[in-house]
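Visitor: Input data37.pdb, format and content: PDB, N, CA and C atoms.
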```
ATOM      1  N   MET A 982      -4.488 -27.797   8.552  1.00  0.00           N
ATOM      2  CA  MET A 982      -3.927 -26.497   8.223  1.00  0.00           C
ATOM      3  C   MET A 982      -4.159 -26.239   6.741  1.00  0.00           C
ATOM      4  N   SER A 983      -4.608 -25.012   6.394  1.00  0.00           N
ATOM      5  CA  SER A 983      -4.906 -24.724   4.999  1.00  0.00           C
ATOM      6  C   SER A 983      -3.662 -24.245   4.258  1.00  0.00           C
ATOM      7  N   GLU A 984      -3.675 -24.455   2.957  1.00  0.00           N
ATOM      8  CA  GLU A 984      -2.595 -23.999   2.089  1.00  0.00           C
ATOM      9  C   GLU A 984      -2.940 -22.616   1.580  1.00  0.00           C
ATOM     10  N   VAL A 985      -1.941 -21.901   1.069  1.00  0.00           N
ATOM     11  CA  VAL A 985      -2.151 -20.561   0.539  1.00  0.00           C
ATOM     12  C   VAL A 985      -3.225 -20.591  -0.535  1.00  0.00           C
ATOM     13  N   GLY A 986      -3.276 -21.630  -1.347  1.00  0.00           N
ATOM     14  CA  GLY A 986      -4.260 -21.741  -2.410  1.00  0.00           C
ATOM     15  C   GLY A 986      -5.694 -21.801  -1.907  1.00  0.00           C
ATOM     16  N   ASP A 987      -5.883 -22.142  -0.629  1.00  0.00           N
ATOM     17  CA  ASP A 987      -7.214 -22.238  -0.056  1.00  0.00           C
ATOM     18  C   ASP A 987      -7.746 -20.889   0.402  1.00  0.00           C
ATOM     19  N   VAL A 988      -6.906 -19.899   0.460  1.00  0.00           N
ATOM     20  CA  VAL A 988      -7.307 -18.571   0.929  1.00  0.00           C
ATOM     21  C   VAL A 988      -8.116 -17.913  -0.168  1.00  0.00           C
ATOM     22  N   GLY A 989      -9.262 -17.300   0.191  1.00  0.00           N
ATOM     23  CA  GLY A 989     -10.106 -16.669  -0.809  1.00  0.00           C
ATOM     24  C   GLY A 989      -9.365 -15.618  -1.614  1.00  0.00           C
ATOM     25  N   ASP A 990      -8.910 -14.573  -0.975  1.00  0.00           N
ATOM     26  CA  ASP A 990      -8.173 -13.509  -1.641  1.00  0.00           C
ATOM     27  C   ASP A 990      -6.858 -13.324  -0.895  1.00  0.00           C
ATOM     28  N   PRO A 991      -5.740 -13.738  -1.498  1.00  0.00           N
ATOM     29  CA  PRO A 991      -4.465 -13.651  -0.788  1.00  0.00           C
ATOM     30  C   PRO A 991      -4.065 -12.227  -0.435  1.00  0.00           C
ATOM     31  N   VAL A 992      -4.459 -11.251  -1.250  1.00  0.00           N
ATOM     32  CA  VAL A 992      -4.115  -9.857  -0.938  1.00  0.00           C
ATOM     33  C   VAL A 992      -4.842  -9.434   0.336  1.00  0.00           C
ATOM     34  N   ASP A 993      -6.129  -9.739   0.427  1.00  0.00           N
ATOM     35  CA  ASP A 993      -6.906  -9.377   1.616  1.00  0.00           C
ATOM     36  C   ASP A 993      -6.383 -10.098   2.853  1.00  0.00           C
ATOM     37  N   ALA A 994      -6.044 -11.371   2.698  1.00  0.00           N
ATOM     38  CA  ALA A 994      -5.511 -12.138   3.820  1.00  0.00           C
ATOM     39  C   ALA A 994      -4.158 -11.594   4.268  1.00  0.00           C
ATOM     40  N   ALA A 995      -3.302 -11.219   3.308  1.00  0.00           N
ATOM     41  CA  ALA A 995      -1.993 -10.665   3.648  1.00  0.00           C
ATOM     42  C   ALA A 995      -2.143  -9.308   4.332  1.00  0.00           C
ATOM     43  N   VAL A 996      -3.082  -8.487   3.868  1.00  0.00           N
ATOM     44  CA  VAL A 996      -3.339  -7.194   4.504  1.00  0.00           C
ATOM     45  C   VAL A 996      -3.762  -7.415   5.952  1.00  0.00           C
ATOM     46  N   SER A 997      -4.655  -8.368   6.176  1.00  0.00           N
ATOM     47  CA  SER A 997      -5.098  -8.667   7.542  1.00  0.00           C
ATOM     48  C   SER A 997      -3.937  -9.124   8.416  1.00  0.00           C
ATOM     49  N   LEU A 998      -3.078  -9.965   7.878  1.00  0.00           N
ATOM     50  CA  LEU A 998      -1.917 -10.440   8.623  1.00  0.00           C
ATOM     51  C   LEU A 998      -0.971  -9.288   8.961  1.00  0.00           C
ATOM     52  N   ILE A 999      -0.729  -8.412   8.006  1.00  0.00           N
ATOM     53  CA  ILE A 999       0.132  -7.248   8.239  1.00  0.00           C
ATOM     54  C   ILE A 999      -0.478  -6.360   9.323  1.00  0.00           C
ATOM     55  N   MET A1000      -1.799  -6.188   9.297  1.00  0.00           N
ATOM     56  CA  MET A1000      -2.482  -5.372  10.304  1.00  0.00           C
ATOM     57  C   MET A1000      -2.255  -5.928  11.707  1.00  0.00           C
ATOM     58  N   VAL A1001      -2.371  -7.235  11.836  1.00  0.00           N
ATOM     59  CA  VAL A1001      -2.195  -7.874  13.144  1.00  0.00           C
ATOM     60  C   VAL A1001      -0.740  -7.782  13.598  1.00  0.00           C
ATOM     61  N   GLN A1002       0.182  -8.104  12.699  1.00  0.00           N
ATOM     62  CA  GLN A1002       1.597  -8.134  13.067  1.00  0.00           C
ATOM     63  C   GLN A1002       2.157  -6.746  13.377  1.00  0.00           C
ATOM     64  N   ASN A1003       1.672  -5.724  12.676  1.00  0.00           N
ATOM     65  CA  ASN A1003       2.226  -4.385  12.837  1.00  0.00           C
ATOM     66  C   ASN A1003       1.313  -3.434  13.606  1.00  0.00           C
ATOM     67  N   ARG A1004       0.150  -3.962  14.039  1.00  0.00           N
ATOM     68  CA  ARG A1004      -0.827  -3.142  14.766  1.00  0.00           C
ATOM     69  C   ARG A1004      -1.082  -1.830  14.023  1.00  0.00           C
ATOM     70  N   CYS A1005      -1.496  -1.974  12.780  1.00  0.00           N
ATOM     71  CA  CYS A1005      -1.725  -0.797  11.947  1.00  0.00           C
ATOM     72  C   CYS A1005      -3.096  -0.900  11.291  1.00  0.00           C
ATOM     73  N   SER A1006      -3.497   0.185  10.649  1.00  0.00           N
ATOM     74  CA  SER A1006      -4.792   0.228   9.970  1.00  0.00           C
ATOM     75  C   SER A1006      -4.727  -0.530   8.646  1.00  0.00           C
ATOM     76  N   ARG A1007      -5.885  -0.750   8.061  1.00  0.00           N
ATOM     77  CA  ARG A1007      -5.970  -1.404   6.754  1.00  0.00           C
ATOM     78  C   ARG A1007      -5.245  -0.566   5.700  1.00  0.00           C
ATOM     79  N   ASP A1008      -5.424   0.755   5.757  1.00  0.00           N
ATOM     80  CA  ASP A1008      -4.745   1.633   4.796  1.00  0.00           C
ATOM     81  C   ASP A1008      -3.224   1.551   4.929  1.00  0.00           C
ATOM     82  N   GLN A1009      -2.731   1.523   6.160  1.00  0.00           N
ATOM     83  CA  GLN A1009      -1.284   1.411   6.374  1.00  0.00           C
ATOM     84  C   GLN A1009      -0.765   0.058   5.894  1.00  0.00           C
ATOM     85  N   ALA A1010      -1.537  -1.004   6.134  1.00  0.00           N
ATOM     86  CA  ALA A1010      -1.133  -2.338   5.690  1.00  0.00           C
ATOM     87  C   ALA A1010      -1.092  -2.405   4.163  1.00  0.00           C
ATOM     88  N   MET A1011      -2.091  -1.820   3.499  1.00  0.00           N
ATOM     89  CA  MET A1011      -2.093  -1.795   2.031  1.00  0.00           C
ATOM     90  C   MET A1011      -0.914  -0.981   1.517  1.00  0.00           C
ATOM     91  N   ALA A1012      -0.593   0.119   2.207  1.00  0.00           N
ATOM     92  CA  ALA A1012       0.552   0.938   1.805  1.00  0.00           C
ATOM     93  C   ALA A1012       1.844   0.132   1.907  1.00  0.00           C
ATOM     94  N   LEU A1013       1.988  -0.653   2.970  1.00  0.00           N
ATOM     95  CA  LEU A1013       3.167  -1.505   3.117  1.00  0.00           C
ATOM     96  C   LEU A1013       3.254  -2.536   2.004  1.00  0.00           C
ATOM     97  N   LEU A1014       2.121  -3.146   1.715  1.00  0.00           N
ATOM     98  CA  LEU A1014       2.082  -4.164   0.666  1.00  0.00           C
ATOM     99  C   LEU A1014       2.419  -3.555  -0.699  1.00  0.00           C
ATOM    100  N   ASN A1015       1.836  -2.401  -0.995  1.00  0.00           N
ATOM    101  CA  ASN A1015       2.133  -1.725  -2.262  1.00  0.00           C
ATOM    102  C   ASN A1015       3.586  -1.273  -2.329  1.00  0.00           C
ATOM    103  N   LEU A1016       4.119  -0.786  -1.224  1.00  0.00           N
ATOM    104  CA  LEU A1016       5.523  -0.364  -1.181  1.00  0.00           C
ATOM    105  C   LEU A1016       6.444  -1.551  -1.462  1.00  0.00           C
ATOM    106  N   ALA A1017       6.141  -2.694  -0.854  1.00  0.00           N
ATOM    107  CA  ALA A1017       6.947  -3.894  -1.084  1.00  0.00           C
ATOM    108  C   ALA A1017       6.875  -4.330  -2.541  1.00  0.00           C
ATOM    109  N   ALA A1018       5.696  -4.240  -3.130  1.00  0.00           N
ATOM    110  CA  ALA A1018       5.539  -4.631  -4.535  1.00  0.00           C
ATOM    111  C   ALA A1018       6.339  -3.708  -5.455  1.00  0.00           C
ATOM    112  N   ARG A1019       6.263  -2.401  -5.198  1.00  0.00           N
ATOM    113  CA  ARG A1019       7.018  -1.440  -6.026  1.00  0.00           C
ATOM    114  C   ARG A1019       8.519  -1.581  -5.819  1.00  0.00           C
ATOM    115  N   ALA A1020       8.936  -1.735  -4.576  1.00  0.00           N
ATOM    116  CA  ALA A1020      10.367  -1.792  -4.255  1.00  0.00           C
ATOM    117  C   ALA A1020      11.045  -3.019  -4.852  1.00  0.00           C
ATOM    118  N   THR A1021      10.281  -4.087  -4.988  1.00  0.00           N
ATOM    119  CA  THR A1021      10.860  -5.330  -5.503  1.00  0.00           C
ATOM    120  C   THR A1021      10.432  -5.609  -6.946  1.00  0.00           C
ATOM    121  N   ASP A1022       9.651  -4.706  -7.526  1.00  0.00           N
ATOM    122  CA  ASP A1022       9.131  -4.874  -8.889  1.00  0.00           C
ATOM    123  C   ASP A1022       8.439  -6.231  -9.032  1.00  0.00           C
ATOM    124  N   THR A1023       7.566  -6.499  -8.058  1.00  0.00           N
ATOM    125  CA  THR A1023       6.849  -7.768  -7.982  1.00  0.00           C
ATOM    126  C   THR A1023       5.350  -7.482  -7.907  1.00  0.00           C
ATOM    127  N   ARG A1024       4.560  -8.337  -8.539  1.00  0.00           N
ATOM    128  CA  ARG A1024       3.106  -8.163  -8.493  1.00  0.00           C
ATOM    129  C   ARG A1024       2.604  -8.255  -7.050  1.00  0.00           C
ATOM    130  N   LEU A1025       1.585  -7.451  -6.754  1.00  0.00           N
ATOM    131  CA  LEU A1025       0.981  -7.423  -5.428  1.00  0.00           C
ATOM    132  C   LEU A1025       0.511  -8.818  -5.003  1.00  0.00           C
ATOM    133  N   HIS A1026      -0.116  -9.536  -5.910  1.00  0.00           N
ATOM    134  CA  HIS A1026      -0.612 -10.888  -5.621  1.00  0.00           C
ATOM    135  C   HIS A1026       0.540 -11.813  -5.215  1.00  0.00           C
ATOM    136  N   THR A1027       1.687 -11.683  -5.887  1.00  0.00           N
ATOM    137  CA  THR A1027       2.856 -12.523  -5.581  1.00  0.00           C
ATOM    138  C   THR A1027       3.403 -12.185  -4.208  1.00  0.00           C
ATOM    139  N   ILE A1028       3.511 -10.886  -3.893  1.00  0.00           N
ATOM    140  CA  ILE A1028       3.983 -10.465  -2.563  1.00  0.00           C
ATOM    141  C   ILE A1028       3.040 -11.015  -1.494  1.00  0.00           C
ATOM    142  N   ALA A1029       1.742 -10.888  -1.718  1.00  0.00           N
ATOM    143  CA  ALA A1029       0.750 -11.369  -0.747  1.00  0.00           C
ATOM    144  C   ALA A1029       0.880 -12.875  -0.527  1.00  0.00           C
ATOM    145  N   THR A1030       1.022 -13.616  -1.602  1.00  0.00           N
ATOM    146  CA  THR A1030       1.176 -15.067  -1.490  1.00  0.00           C
ATOM    147  C   THR A1030       2.450 -15.426  -0.737  1.00  0.00           C
ATOM    148  N   ASP A1031       3.530 -14.701  -1.010  1.00  0.00           N
ATOM    149  CA  ASP A1031       4.784 -14.941  -0.299  1.00  0.00           C
ATOM    150  C   ASP A1031       4.630 -14.681   1.200  1.00  0.00           C
ATOM    151  N   ILE A1032       3.935 -13.605   1.552  1.00  0.00           N
ATOM    152  CA  ILE A1032       3.720 -13.271   2.966  1.00  0.00           C
ATOM    153  C   ILE A1032       2.930 -14.390   3.647  1.00  0.00           C
ATOM    154  N   LEU A1033       1.906 -14.871   2.977  1.00  0.00           N
ATOM    155  CA  LEU A1033       1.090 -15.941   3.561  1.00  0.00           C
ATOM    156  C   LEU A1033       1.851 -17.250   3.663  1.00  0.00           C
ATOM    157  N   SER A1034       2.904 -17.383   2.877  1.00  0.00           N
ATOM    158  CA  SER A1034       3.744 -18.588   2.928  1.00  0.00           C
ATOM    159  C   SER A1034       4.839 -18.474   3.981  1.00  0.00           C
ATOM    160  N   GLY A1035       4.901 -17.335   4.666  1.00  0.00           N
ATOM    161  CA  GLY A1035       5.859 -17.174   5.747  1.00  0.00           C
ATOM    162  C   GLY A1035       6.979 -16.203   5.472  1.00  0.00           C
ATOM    163  N   ALA A1036       7.021 -15.617   4.284  1.00  0.00           N
ATOM    164  CA  ALA A1036       8.061 -14.633   3.988  1.00  0.00           C
ATOM    165  C   ALA A1036       7.731 -13.324   4.701  1.00  0.00           C
ATOM    166  N   GLU A1037       8.757 -12.485   4.873  1.00  0.00           N
ATOM    167  CA  GLU A1037       8.564 -11.181   5.499  1.00  0.00           C
ATOM    168  C   GLU A1037       8.562 -10.096   4.444  1.00  0.00           C
ATOM    169  N   LEU A1038       7.960  -8.971   4.791  1.00  0.00           N
ATOM    170  CA  LEU A1038       8.030  -7.807   3.918  1.00  0.00           C
ATOM    171  C   LEU A1038       9.467  -7.323   3.839  1.00  0.00           C
ATOM    172  N   PRO A1039       9.900  -6.832   2.693  1.00  0.00           N
ATOM    173  CA  PRO A1039      11.233  -6.222   2.622  1.00  0.00           C
ATOM    174  C   PRO A1039      11.315  -5.085   3.630  1.00  0.00           C
ATOM    175  N   GLY A1040      12.410  -4.986   4.351  1.00  0.00           N
ATOM    176  CA  GLY A1040      12.563  -3.941   5.372  1.00  0.00           C
ATOM    177  C   GLY A1040      11.982  -4.346   6.715  1.00  0.00           C
ATOM    178  N   GLY A1041      11.484  -5.557   6.839  1.00  0.00           N
ATOM    179  CA  GLY A1041      10.998  -6.034   8.129  1.00  0.00           C
ATOM    180  C   GLY A1041       9.632  -5.520   8.523  1.00  0.00           C
ATOM    181  N   GLY A1042       8.888  -4.933   7.588  1.00  0.00           N
ATOM    182  CA  GLY A1042       7.534  -4.486   7.909  1.00  0.00           C
ATOM    183  C   GLY A1042       7.497  -3.166   8.644  1.00  0.00           C
ATOM    184  N   VAL A1043       8.407  -2.269   8.335  1.00  0.00           N
ATOM    185  CA  VAL A1043       8.415  -0.956   8.960  1.00  0.00           C
ATOM    186  C   VAL A1043       7.246  -0.152   8.450  1.00  0.00           C
ATOM    187  N   ARG A1044       6.534   0.506   9.337  1.00  0.00           N
ATOM    188  CA  ARG A1044       5.348   1.272   8.960  1.00  0.00           C
ATOM    189  C   ARG A1044       5.719   2.456   8.074  1.00  0.00           C
ATOM    190  N   PRO A1045       4.927   2.695   7.016  1.00  0.00           N
ATOM    191  CA  PRO A1045       5.184   3.872   6.198  1.00  0.00           C
ATOM    192  C   PRO A1045       4.753   5.125   6.934  1.00  0.00           C
ATOM    193  N   GLU A1046       5.394   6.227   6.677  1.00  0.00           N
ATOM    194  CA  GLU A1046       5.056   7.501   7.329  1.00  0.00           C
ATOM    195  C   GLU A1046       3.882   8.153   6.659  1.00  0.00           C
TER
END
```
For this file, write the structure as structure tokens.
Guide:
Amino acid sequence: MSEVGDVGDPVDAAVSLIMVQNRCSRDQAMALLNLAARATDTRLHTIATDILSGAELPGGGVRPE
């Protein structure tokens, strides 16, 4: 099993994971990731790494309108 550090681009990997889990487009997944980063005042890279480590998006991954 690979570690988060082994992932090429954690943001891209997190976007892909969000797409699969929420059955949404790449744009919607990026919007969710950016929303989580803004809402928590956290860098996008940090949010992505947290997601890949098993954390959930704030709000449970609700799709943006």
Visitor: When you count all atoms listed in the file, which of these residues is closest to A:Leu998: A:Thr1021, A:Thr1027, A:Ile1032, A:Ala1012?
Guide: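 Smallest distance to A:Leu998 is found for A:Ile1032.
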Visitor: Excluding A:Met1011 and residues on its chain fewer than 6 positions from it, collect all residues at most 10 Å away from it, counting only C-alpha atoms, and give them as a ChimeraX atom specification.
Guide: /A:992-993,995-997,999-1000,1005,1017,1025
Visitor: As an exercise, work out the distance from atom CA of A:Gln1009 to atom C of A:Leu1033 in Å and give it to one decimal place.
Guide: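 Distance between the two atoms: 19.1 Å.
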Visitor: Taking into account all atoms listed in the file, which residue in the set A:Leu1013, A:Asp1022, A:Gly1035, A:Ala1029 is nearest to A:Pro991?
Guide: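 Using all atoms listed in the file, A:Pro991 sits closest to A:Ala1029.
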Visitor: Atom N of A:Thr1030 to atom N of A:Asp990: how many Å, to one decimal?
Guide: 10.0 Å
Visitor: Would you work out the distance separating atom N of A:Arg1004 from atom CA of A:Ile1028, expressed in Å to one decimal?
Guide: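 So the two atoms, atom N of A:Arg1004 and atom CA of A:Ile1028, lie 18.2 Å apart.
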